>>> print(open('start.txt').read())   # compact mmCIF, C-alpha atoms
# COMPACT_ATOMS: atom_id res chain seq x y z
CA MET H 1033 -63.39 20.95 -72.28
CA SER H 1034 -65.49 24.09 -71.90
CA GLN H 1035 -62.62 26.56 -71.37
CA ASP H 1036 -61.08 28.27 -74.39
CA PRO H 1037 -57.99 26.20 -75.25
CA ASN H 1038 -55.67 29.21 -75.51
CA ASP H 1039 -56.89 30.53 -72.17
CA PHE H 1040 -56.29 27.10 -70.64
CA LEU H 1041 -52.75 26.91 -72.02
CA ALA H 1042 -52.02 30.45 -70.85
CA SER H 1043 -53.23 29.51 -67.37
CA LEU H 1044 -50.72 26.66 -67.28
CA PHE H 1045 -47.95 29.05 -68.34
CA HIS H 1046 -48.88 31.41 -65.52
CA ALA H 1047 -48.99 28.52 -63.03
CA ALA H 1048 -45.45 27.66 -64.08
CA VAL H 1049 -44.31 31.26 -63.69
CA ASP H 1050 -46.04 31.63 -60.31
CA ALA H 1051 -44.17 28.57 -59.04
CA ALA H 1052 -40.93 30.48 -59.64
CA ASP H 1053 -42.18 33.67 -57.98
CA PRO H 1054 -39.21 35.32 -56.22
CA ALA H 1055 -40.98 35.83 -52.88
CA ALA H 1056 -42.06 32.20 -52.70
CA ALA H 1057 -38.68 30.96 -53.92
CA LEU H 1058 -36.73 32.91 -51.28
CA LYS H 1059 -39.01 32.05 -48.38
CA GLY H 1060 -37.16 29.86 -45.87
CA ARG H 1061 -33.96 29.89 -47.98
CA LEU H 1062 -32.20 32.96 -46.56
CA PRO H 1063 -29.23 32.39 -44.20
CA GLU H 1064 -28.84 33.82 -40.72
CA PRO H 1065 -27.51 37.40 -40.57
CA PRO H 1066 -23.74 37.61 -40.02
CA VAL H 1067 -21.76 39.36 -37.31
CA GLY H 1068 -20.44 41.79 -39.91
CA ARG H 1069 -21.88 43.33 -43.07
CA THR H 1070 -24.44 41.78 -45.43
CA ILE H 1071 -23.76 42.50 -49.09
CA VAL H 1072 -26.41 41.59 -51.66
CA ILE H 1073 -25.40 41.18 -55.30
CA GLY H 1074 -27.35 39.79 -58.20
CA ALA H 1075 -27.63 39.40 -61.94
CA GLY H 1076 -30.23 38.19 -64.41
CA LYS H 1077 -33.55 39.01 -65.97
CA GLY H 1078 -35.34 38.45 -62.65
CA ALA H 1079 -32.65 39.91 -60.39
CA ALA H 1080 -34.57 43.08 -59.48
CA GLN H 1081 -37.62 41.08 -58.41
CA LEU H 1082 -35.40 38.78 -56.34
CA ALA H 1083 -33.84 41.85 -54.72
CA GLN H 1084 -37.29 43.26 -54.00
CA ALA H 1085 -38.37 39.99 -52.37
CA PHE H 1086 -35.13 39.88 -50.35
CA GLU H 1087 -35.77 43.36 -48.95
CA ALA H 1088 -39.23 42.26 -47.77
CA GLN H 1089 -37.85 39.20 -45.94
CA TRP H 1090 -34.46 40.25 -44.52
CA THR H 1091 -34.54 41.63 -40.97
CA ALA H 1092 -30.98 42.92 -40.49
CA PRO H 1093 -28.95 45.77 -42.05
CA PHE H 1094 -27.74 45.21 -45.62
CA GLU H 1095 -26.51 46.94 -48.74
CA GLY H 1096 -26.14 45.83 -52.32
CA VAL H 1097 -26.45 46.11 -56.08
CA VAL H 1098 -28.03 43.96 -58.79
CA VAL H 1099 -28.17 44.21 -62.59
CA THR H 1100 -31.06 43.27 -64.85
CA ARG H 1101 -32.12 43.74 -68.45
CA TYR H 1102 -33.45 47.10 -69.67
CA GLY H 1103 -37.13 47.36 -68.77
CA TYR H 1104 -36.96 44.57 -66.17
CA GLY H 1105 -36.25 46.74 -63.12
CA ALA H 1106 -38.32 46.81 -59.95
CA PRO H 1107 -38.26 49.45 -57.20
CA CYS H 1108 -36.04 48.64 -54.22
CA GLU H 1109 -35.48 50.77 -51.13
CA THR H 1110 -31.86 49.87 -50.36
CA ILE H 1111 -30.45 47.70 -53.14
CA ARG H 1112 -29.31 49.59 -56.25
CA VAL H 1113 -30.90 48.22 -59.41
CA LEU H 1114 -28.82 48.71 -62.56
CA GLU H 1115 -29.98 47.92 -66.08
CA ALA H 1116 -27.95 46.76 -69.07
CA ALA H 1117 -28.36 45.11 -72.46
CA HIS H 1118 -29.34 41.51 -73.18
CA PRO H 1119 -28.59 39.32 -75.11
CA VAL H 1120 -25.67 41.33 -76.55
CA PRO H 1121 -23.76 43.25 -73.83
CA ASP H 1122 -23.20 46.99 -73.74
CA ALA H 1123 -21.21 49.63 -71.84
CA ALA H 1124 -23.82 49.75 -69.06
CA GLY H 1125 -23.09 46.07 -68.46
CA ILE H 1126 -19.37 46.84 -68.14
CA ALA H 1127 -20.19 49.41 -65.45
CA ALA H 1128 -22.57 47.01 -63.70
CA ALA H 1129 -19.95 44.26 -63.59
CA GLN H 1130 -17.51 46.69 -62.01
CA ALA H 1131 -20.17 47.74 -59.48
CA LEU H 1132 -20.58 44.11 -58.37
CA LYS H 1133 -16.82 43.71 -58.10
CA ASP H 1134 -16.59 46.85 -55.99
CA ALA H 1135 -19.43 45.65 -53.74
CA VAL H 1136 -17.56 42.48 -52.72
CA SER H 1137 -14.09 44.05 -52.35
CA GLY H 1138 -12.40 44.52 -48.99
CA LEU H 1139 -14.64 42.17 -47.00
CA THR H 1140 -13.75 40.28 -43.81
CA PRO H 1141 -14.47 36.78 -42.46
CA ASP H 1142 -17.36 38.26 -40.47
CA ASP H 1143 -19.14 39.50 -43.60
CA LEU H 1144 -21.71 37.70 -45.75
CA VAL H 1145 -22.39 37.99 -49.48
CA ILE H 1146 -25.80 36.88 -50.71
CA ALA H 1147 -25.84 36.39 -54.49
CA LEU H 1148 -29.23 36.35 -56.26
CA ILE H 1149 -28.57 34.76 -59.64
CA CYS H 1150 -30.90 33.94 -62.52
CA GLY H 1151 -30.77 33.53 -66.27
CA GLY H 1152 -29.43 36.31 -68.47
CA GLY H 1153 -26.52 37.26 -66.24
CA SER H 1154 -23.88 36.16 -68.75
CA SER H 1155 -24.74 39.05 -71.07
CA LEU H 1156 -25.50 41.50 -68.27
CA LEU H 1157 -22.05 41.16 -66.66
CA PRO H 1158 -19.48 41.67 -69.42
CA ALA H 1159 -16.02 41.89 -67.85
CA PRO H 1160 -13.40 41.50 -70.57
CA PRO H 1161 -9.91 40.38 -69.55
CA ASP H 1162 -6.85 42.43 -70.39
CA GLY H 1163 -6.32 42.58 -74.13
CA LEU H 1164 -10.00 42.37 -75.07
CA THR H 1165 -12.72 45.01 -75.31
CA LEU H 1166 -16.48 45.32 -75.16
CA ASP H 1167 -16.53 45.14 -78.96
CA ASP H 1168 -14.85 41.74 -78.72
CA LEU H 1169 -17.41 40.44 -76.22
CA GLN H 1170 -20.27 41.74 -78.36
CA ALA H 1171 -18.87 39.92 -81.38
CA LEU H 1172 -18.34 36.80 -79.26
CA ASN H 1173 -21.95 36.81 -78.00
CA GLU H 1174 -23.36 37.30 -81.47
CA ALA H 1175 -21.26 34.39 -82.73
CA LEU H 1176 -22.38 32.12 -79.89
CA LEU H 1177 -26.05 33.03 -80.29
CA ALA H 1178 -25.86 32.16 -83.98
CA SER H 1179 -23.90 28.94 -83.46
CA GLY H 1180 -26.71 26.66 -82.29
CA ALA H 1181 -24.47 25.38 -79.47
CA PRO H 1182 -26.13 24.20 -76.21
CA ILE H 1183 -26.20 26.72 -73.38
CA GLY H 1184 -23.66 24.74 -71.35
CA VAL H 1185 -21.13 24.93 -74.18
CA MET H 1186 -21.77 28.64 -74.71
CA ASN H 1187 -21.29 29.40 -71.02
CA ASP H 1188 -18.08 27.38 -70.80
CA ILE H 1189 -16.75 29.52 -73.64
CA ARG H 1190 -17.95 32.73 -72.00
CA LYS H 1191 -16.12 31.87 -68.77
CA CYS H 1192 -12.82 32.02 -70.65
CA PHE H 1193 -13.53 35.63 -71.66
CA SER H 1194 -14.56 37.03 -68.28
CA THR H 1195 -12.97 38.32 -65.11
CA ILE H 1196 -16.19 37.81 -63.16
CA ASN H 1197 -17.78 34.50 -64.22
CA GLY H 1198 -16.84 30.93 -63.36
CA GLY H 1199 -16.66 31.72 -59.64
CA ARG H 1200 -14.30 34.66 -59.98
CA LEU H 1201 -16.70 36.99 -58.16
CA ALA H 1202 -16.76 34.61 -55.17
CA GLU H 1203 -12.96 34.60 -55.19
CA LEU H 1204 -12.98 38.41 -55.06
CA ALA H 1205 -15.27 38.23 -52.00
CA HIS H 1206 -12.84 36.06 -50.01
CA PRO H 1207 -12.61 35.79 -46.97
CA ALA H 1208 -16.35 36.55 -46.63
CA GLU H 1209 -18.82 33.70 -46.94
CA VAL H 1210 -20.85 33.65 -50.16
CA VAL H 1211 -24.38 32.20 -50.26
CA THR H 1212 -25.74 31.89 -53.80
CA LEU H 1213 -29.46 31.45 -54.42
CA VAL H 1214 -30.17 30.40 -58.00
CA VAL H 1215 -33.27 30.51 -60.17
CA SER H 1216 -32.23 27.97 -62.79
CA ASP H 1217 -32.91 28.45 -66.48
CA VAL H 1218 -30.54 25.73 -67.71
CA PRO H 1219 -31.24 22.07 -68.51
CA GLY H 1220 -30.17 19.91 -65.61
CA ASP H 1221 -30.09 22.86 -63.18
CA ALA H 1222 -26.29 22.93 -62.80
CA PRO H 1223 -25.92 26.18 -60.80
CA GLY H 1224 -22.55 27.01 -62.35
CA GLU H 1225 -24.19 27.27 -65.76
CA VAL H 1226 -26.81 29.84 -64.72
CA ALA H 1227 -25.51 33.30 -65.73
CA SER H 1228 -22.15 31.56 -66.25
CA GLY H 1229 -21.81 31.10 -62.48
CA PRO H 1230 -20.22 34.34 -61.21
CA THR H 1231 -20.22 33.03 -57.61
CA VAL H 1232 -20.17 29.28 -58.27
CA LEU H 1233 -16.68 27.82 -58.16
CA GLY H 1234 -15.39 25.84 -61.10
CA ARG H 1235 -14.55 26.70 -64.68
CA PRO H 1236 -13.34 24.62 -67.60
CA ALA H 1237 -9.74 24.37 -68.70
CA PRO H 1238 -9.14 26.70 -71.68
CA SER H 1239 -7.44 23.85 -73.54
CA GLN H 1240 -10.62 21.77 -73.29
CA VAL H 1241 -12.78 24.71 -74.37
CA LEU H 1242 -10.57 25.21 -77.42
CA LYS H 1243 -11.00 21.54 -78.32
CA THR H 1244 -14.78 21.90 -78.03
CA VAL H 1245 -14.80 25.02 -80.22
CA ARG H 1246 -12.83 23.22 -82.92
CA ALA H 1247 -14.80 19.97 -82.67
CA ARG H 1248 -18.13 21.79 -83.02
CA GLY H 1249 -16.90 24.13 -85.73
CA ILE H 1250 -17.92 27.21 -83.73
CA LYS H 1251 -16.70 30.30 -85.56
CA LEU H 1252 -15.31 32.60 -82.88
CA PRO H 1253 -14.25 36.13 -83.85
CA ASP H 1254 -10.57 36.19 -84.82
CA ARG H 1255 -9.44 38.24 -81.80
CA CYS H 1256 -11.34 35.99 -79.39
CA LEU H 1257 -9.97 32.84 -80.97
CA SER H 1258 -6.43 34.20 -80.81
CA TYR H 1259 -6.91 35.08 -77.15
CA LEU H 1260 -8.29 31.61 -76.31
CA GLU H 1261 -5.33 29.98 -78.04
CA THR H 1262 -2.93 31.87 -75.75
CA LEU H 1263 -4.66 30.93 -72.46
CA GLU H 1264 -2.99 28.40 -70.22
CA ASP H 1265 -4.84 26.05 -67.91
CA GLU H 1266 -5.01 27.45 -64.38
CA ALA H 1267 -3.30 25.99 -61.33
CA PRO H 1268 -5.55 25.30 -58.29
CA ALA H 1269 -6.35 28.43 -56.29
CA PHE H 1270 -4.19 29.08 -53.22
CA HIS H 1271 -7.28 29.61 -51.09
CA GLN H 1272 -10.79 28.24 -51.47
CA PRO H 1273 -13.61 30.75 -50.90
CA LYS H 1274 -16.37 29.82 -48.47
CA VAL H 1275 -19.42 29.22 -50.65
CA GLN H 1276 -22.88 27.70 -50.36
CA THR H 1277 -25.15 27.31 -53.37
CA GLN H 1278 -28.82 26.38 -53.64
CA VAL H 1279 -31.24 26.18 -56.56
CA ILE H 1280 -34.47 27.77 -55.31
CA ALA H 1281 -36.58 27.60 -58.50
CA SER H 1282 -36.30 25.59 -61.70
CA ALA H 1283 -38.12 24.31 -64.75
CA ALA H 1284 -38.84 21.01 -62.98
CA MET H 1285 -40.66 22.79 -60.15
CA SER H 1286 -42.59 24.98 -62.58
CA LEU H 1287 -43.66 22.13 -64.86
CA LYS H 1288 -44.89 20.21 -61.82
CA ALA H 1289 -47.03 23.21 -60.88
CA ALA H 1290 -48.41 23.44 -64.44
CA ALA H 1291 -49.23 19.72 -64.42
CA SER H 1292 -51.08 20.10 -61.12
CA ALA H 1293 -53.07 23.00 -62.55
CA ALA H 1294 -54.04 20.93 -65.60
CA GLU H 1295 -55.13 17.97 -63.52
CA ALA H 1296 -57.18 20.25 -61.27
CA ALA H 1297 -59.04 21.30 -64.43
CA GLY H 1298 -59.71 17.66 -65.32
CA VAL H 1299 -56.98 17.33 -67.96
CA ASN H 1300 -54.32 14.63 -67.74
CA ALA H 1301 -50.76 15.97 -67.81
CA TRP H 1302 -47.63 14.26 -69.10
CA VAL H 1303 -44.33 16.01 -68.30
CA LEU H 1304 -41.98 14.85 -71.03
CA SER H 1305 -38.83 16.43 -69.59
CA ASP H 1306 -37.65 19.62 -67.89
CA SER H 1307 -34.26 19.60 -69.63
CA ILE H 1308 -34.82 19.20 -73.38
CA GLU H 1309 -32.07 20.61 -75.59
CA GLY H 1310 -31.44 20.60 -79.32
CA GLU H 1311 -32.30 22.52 -82.47
CA ALA H 1312 -35.77 24.01 -81.97
CA ARG H 1313 -37.19 22.74 -85.25
CA ASP H 1314 -35.86 19.20 -84.57
CA VAL H 1315 -37.27 19.16 -81.04
CA ALA H 1316 -40.62 20.17 -82.56
CA LEU H 1317 -40.63 17.04 -84.75
CA VAL H 1318 -40.20 14.82 -81.69
CA HIS H 1319 -43.04 16.60 -79.88
CA ALA H 1320 -45.23 16.17 -82.96
CA ALA H 1321 -44.52 12.42 -83.02
CA LEU H 1322 -45.50 12.11 -79.36
CA ALA H 1323 -48.70 14.07 -79.96
CA ARG H 1324 -49.62 11.73 -82.81
CA GLN H 1325 -48.95 8.74 -80.57
CA VAL H 1326 -51.37 10.05 -77.96
CA ARG H 1327 -53.97 10.79 -80.64
CA SER H 1328 -53.71 7.35 -82.29
CA SER H 1329 -53.25 5.04 -79.31
CA ALA H 1330 -54.23 7.00 -76.15
CA VAL H 1331 -50.78 6.17 -74.72
CA PRO H 1332 -49.89 7.06 -72.01
CA PHE H 1333 -53.17 8.99 -71.55
CA ALA H 1334 -56.42 9.36 -73.37
CA ALA H 1335 -57.59 12.83 -74.39
CA PRO H 1336 -57.96 15.33 -72.92
CA VAL H 1337 -54.26 15.40 -72.13
CA VAL H 1338 -51.58 18.09 -72.16
CA LEU H 1339 -47.95 17.32 -72.97
CA LEU H 1340 -45.56 19.60 -71.05
CA SER H 1341 -41.84 20.15 -71.50
CA GLY H 1342 -39.09 22.58 -70.57
CA GLY H 1343 -35.38 23.11 -71.08
CA GLU H 1344 -33.65 25.29 -73.65
CA THR H 1345 -33.64 24.67 -77.37
CA THR H 1346 -31.29 26.46 -79.72
CA VAL H 1347 -31.56 28.03 -83.16
CA THR H 1348 -28.81 27.99 -85.74
CA LEU H 1349 -29.29 31.26 -87.57
CA ARG H 1350 -29.38 30.79 -91.31
CA HIS H 1351 -31.05 34.12 -92.09
CA LYS H 1352 -31.79 37.29 -90.14
CA GLY H 1353 -35.52 37.07 -89.66
CA ARG H 1354 -37.46 37.90 -86.49
CA GLY H 1355 -38.19 35.41 -83.76
CA GLY H 1356 -36.78 33.46 -80.83
CA ARG H 1357 -36.39 29.76 -80.22
CA ASN H 1358 -39.94 29.26 -78.90
CA SER H 1359 -41.58 30.91 -81.90
CA GLU H 1360 -39.37 28.85 -84.22
CA PHE H 1361 -40.25 25.66 -82.33
CA GLN H 1362 -43.94 26.54 -82.59
CA LEU H 1363 -43.83 27.21 -86.33
CA ALA H 1364 -42.04 23.91 -86.95
CA LEU H 1365 -44.58 22.13 -84.74
CA ALA H 1366 -47.50 23.71 -86.56
CA LEU H 1367 -46.11 22.45 -89.87
CA ALA H 1368 -45.46 18.97 -88.47
CA LEU H 1369 -49.03 18.72 -87.08
CA GLU H 1370 -50.71 20.38 -90.06
CA ASN H 1371 -54.43 19.55 -90.24
CA ALA H 1372 -54.30 17.57 -86.97
CA PRO H 1373 -57.71 18.06 -85.33
CA ALA H 1374 -58.41 19.26 -81.77
CA ILE H 1375 -54.78 20.05 -80.94
CA HIS H 1376 -53.77 23.40 -79.44
CA MET H 1377 -50.21 24.46 -78.63
CA LEU H 1378 -48.29 27.10 -76.70
CA ALA H 1379 -44.51 27.60 -76.61
CA ALA H 1380 -43.10 30.52 -74.64
CA ASP H 1381 -40.16 31.73 -72.59
CA THR H 1382 -41.00 32.07 -68.90
CA ASP H 1383 -39.22 35.43 -68.67
CA GLY H 1384 -41.80 36.88 -71.05
CA ILE H 1385 -39.39 37.58 -73.90
CA ASP H 1386 -38.63 35.11 -76.67
CA GLY H 1387 -35.10 35.93 -77.75
CA SER H 1388 -34.91 39.66 -78.38
CA GLU H 1389 -38.51 40.25 -79.48
CA ASP H 1390 -41.45 41.58 -77.46
CA ASN H 1391 -43.45 38.33 -77.36
CA ALA H 1392 -43.13 35.49 -74.86
CA GLY H 1393 -43.92 32.96 -77.58
CA ALA H 1394 -46.84 31.90 -79.77
CA PHE H 1395 -50.08 29.90 -79.93
CA ALA H 1396 -50.76 27.38 -82.69
CA THR H 1397 -53.15 24.64 -83.80
CA GLY H 1398 -53.26 22.07 -86.57
CA GLN H 1399 -54.86 24.76 -88.73
CA THR H 1400 -52.19 27.42 -88.17
CA SER H 1401 -50.28 26.67 -91.37
CA SER H 1402 -53.46 26.96 -93.42
CA GLN H 1403 -54.35 30.23 -91.71
CA MET H 1404 -50.91 31.61 -92.56
CA ARG H 1405 -51.23 30.67 -96.20
CA ALA H 1406 -54.67 32.28 -96.35
CA ALA H 1407 -53.06 35.44 -94.96
CA GLY H 1408 -50.40 35.41 -97.67
CA VAL H 1409 -47.67 33.89 -95.49
CA ASP H 1410 -45.60 30.87 -96.55
CA PRO H 1411 -44.92 29.12 -93.20
CA GLN H 1412 -42.16 26.91 -94.58
CA ALA H 1413 -40.34 29.90 -96.07
CA HIS H 1414 -40.64 31.77 -92.78
CA LEU H 1415 -39.24 28.78 -90.90
CA GLN H 1416 -36.28 28.54 -93.24
CA GLY H 1417 -35.75 32.29 -92.89
CA ASN H 1418 -35.76 32.23 -89.06
CA ASP H 1419 -38.75 34.56 -89.28
CA ALA H 1420 -41.39 32.86 -87.14
CA TYR H 1421 -42.34 36.09 -85.35
CA SER H 1422 -43.54 37.73 -88.56
CA ALA H 1423 -45.57 34.65 -89.52
CA PHE H 1424 -47.41 34.49 -86.19
CA GLU H 1425 -47.84 38.26 -86.08
CA LYS H 1426 -49.70 38.13 -89.38
CA ILE H 1427 -52.39 35.81 -87.96
CA GLY H 1428 -52.55 37.25 -84.42
CA GLY H 1429 -50.87 34.21 -82.90
CA LEU H 1430 -48.22 35.90 -80.76
CA PHE H 1431 -48.37 35.34 -76.98
CA MET H 1432 -47.61 38.58 -75.13
CA THR H 1433 -47.01 38.76 -71.38
CA GLY H 1434 -44.34 41.42 -70.83
CA PRO H 1435 -41.52 40.75 -68.34
CA THR H 1436 -42.61 38.17 -65.75
CA GLY H 1437 -39.94 38.86 -63.11
CA THR H 1438 -38.53 35.35 -63.21
CA ASN H 1439 -36.92 32.93 -65.67
CA VAL H 1440 -36.97 29.13 -65.66
CA ASN H 1441 -36.55 28.91 -69.42
CA ASP H 1442 -38.80 27.39 -72.07
CA PHE H 1443 -42.39 26.31 -71.44
CA ARG H 1444 -44.10 24.11 -74.03
CA ALA H 1445 -47.62 22.73 -73.82
CA ILE H 1446 -49.58 20.66 -76.36
CA LEU H 1447 -53.25 20.16 -75.53
CA ILE H 1448 -54.93 17.18 -77.23
CA ASN H 1449 -58.70 17.26 -76.88
CA PRO H 1450 -61.15 14.47 -77.71
CA LEU H 1451 -62.14 14.40 -81.36
CA THR H 1452 -65.76 14.92 -80.39
CA ASP H 1453 -64.98 18.46 -79.05
>>> encode(input="start.txt", output="structure tokens")
Amino acid sequence: MSQDPNDFLASLFHAAVDAADPAAALKGRLPEPPVGRTIVIGAGKGAAQLAQAFEAQWTAPFEGVVVTRYGYGAPCETIRVLEAAHPVPDAAGIAAAQALKDAVSGLTPDDLVIALICGGGSSLLPAPPDGLTLDDLQALNEALLASGAPIGVMNDIRKCFSTINGGRLAELAHPAEVVTLVVSDVPGDAPGEVASGPTVLGRPAPSQVLKTVRARGIKLPDRCLSYLETLEDEAPAFHQPKVQTQVIASAAMSLKAAASAAEAAGVNAWVLSDSIEGEARDVALVHAALARQVRSSAVPFAAPVVLLSGGETTVTLRHKGRGGRNSEFQLALALALENAPAIHMLAADTDGIDGSEDNAGAFATGQTSSQMRAAGVDPQAHLQGNDAYSAFEKIGGLFMTGPTGTNVNDFRAILINPLTD
């Protein structure tokens, strides 16, 4: 192909992000205005952009408040945009959670709550129950992020330590109707898992969560573990809030858009899955095996072909290096495909931030490991040290986008060109 491979891969990333654009995602999805008040609430790394798109499309009076990560705000005329810390919560998040609670208090059956929810809300809405503090939730989040547990397991645990998640915010809004519009960043697109589901009814029994924690060997902070051990399973709620929930953007939709963009450029596209989970370095080995299969047997497509996947991998922290799950995946993939010819790779987070660093992800080829060694970097040592960011930084391989305004989780693309290129 004539286009620079990295430019081509970046164009597919941007096609995926554009497919989850807030304005396009909200179009045709908003409910009819109510007889009473319209209250807009929201949380997540793309919440401000969703709020901005809502303001452009809603034609009746409204008020509201949303919370997003520091640096991810967008100007809104009516909706208050608050910022707080992610991925470890802070005091601004405590205040933001209270602001959302206040916004849905004292409503009537004639009122309507529209919840704009996307990934990142779990950390942005810390609301500790009685007996626990912000320090406890910070320690809990750090433990979960280091555990390597799937996002669904982490969010089930988080729901036990919150007075807002697991549908509790919808319960506070009763008797108003709650319409939740979700940009999904979780494998399988279960809306109750996105941002730990503040307005999506349903939460796990604490006894079952405790069993999961013990079975997986997750090391919760002592105070959090003691609290979980004292929780009793809840009886069914006396009243059921009126709720409607719809996923308006997801990894599946975005990967389909990226595949269409590739095929329009004359490159076959194979979407492996939109919901891949697992340890990032292990998932990389599977992707490497599939790339070798395409190279050796032209199955299911002959080159040029791009392999696409999404979902959310995890990283079990063994050391405190720099880098998120996409950079770690990419470093493991580069090692697994070392010296493979005419293969170019991109792994990035669609929100523009890989973990807590300033990169979205990283580019790599079959020669990346050799380039690192020539630059004085031991790629295997950096992988073992959870320090993929530093390794890619040394060779100029980081992929920088800044905040994208949306979040449908991981984007991975492996371009296999003909050997004659």
>>> residues_around(input="start.txt", residues="H:Arg1190", least_positions_apart="3", cutoff="9 Å", atoms="only C-alpha atoms", output="list in words")
Ser1154, Leu1169, Leu1172, Asn1173, Val1185, Met1186, Asn1187, Phe1193, Ser1194, Asn1197, Gly1198 and Ser1228 of chain H
>>> residues_around(input="start.txt", residues="H:Val1275", least_positions_apart="2", cutoff="9 Å", atoms="all atoms listed in the file", output="list in words")
Ala1202, Ala1208, Glu1209, Val1210, Val1211, Thr1212, Thr1231, Val1232, Leu1233, Gln1272, Pro1273 and Thr1277 of chain H
>>> atom_distance(input="start.txt", atom1="atom CA of H:Val1214", atom2="atom CA of H:Ala1296")
29.0 Å
>>> closest_residue(input="start.txt", among="H:Ala1057, H:Val1072, H:Ala1117, H:Leu1451", to="H:Ser1328", atoms="only C-alpha atoms")
H:Leu1451
>>> closest_residue(input="start.txt", among="H:Ala1159, H:Leu1367, H:Val1337, H:Ala1131", to="H:Val1303", atoms="all atoms listed in the file")
H:Val1337
>>> atom_distance(input="start.txt", atom1="atom CA of H:Gly1138", atom2="atom CA of H:Lys1059")
29.4 Å
>>> atom_distance(input="start.txt", atom1="atom CA of H:Ala1178", atom2="atom CA of H:Gln1416")
14.4 Å
>>> closest_residue(input="start.txt", among="H:His1206, H:Arg1101, H:Arg1444, H:Lys1133", to="H:Gln1362", atoms="only C-alpha atoms")
H:Arg1444
>>> residues_around(input="start.txt", residues="H:Ile1385", least_positions_apart="4", cutoff="9 Å", atoms="only C-alpha atoms", output="list in words")
Gly1356, Ala1380, Asp1381, Glu1389, Asp1390, Asn1391, Ala1392, Gly1393, Met1432, Thr1433, Gly1434, Pro1435 and Thr1436 of chain H
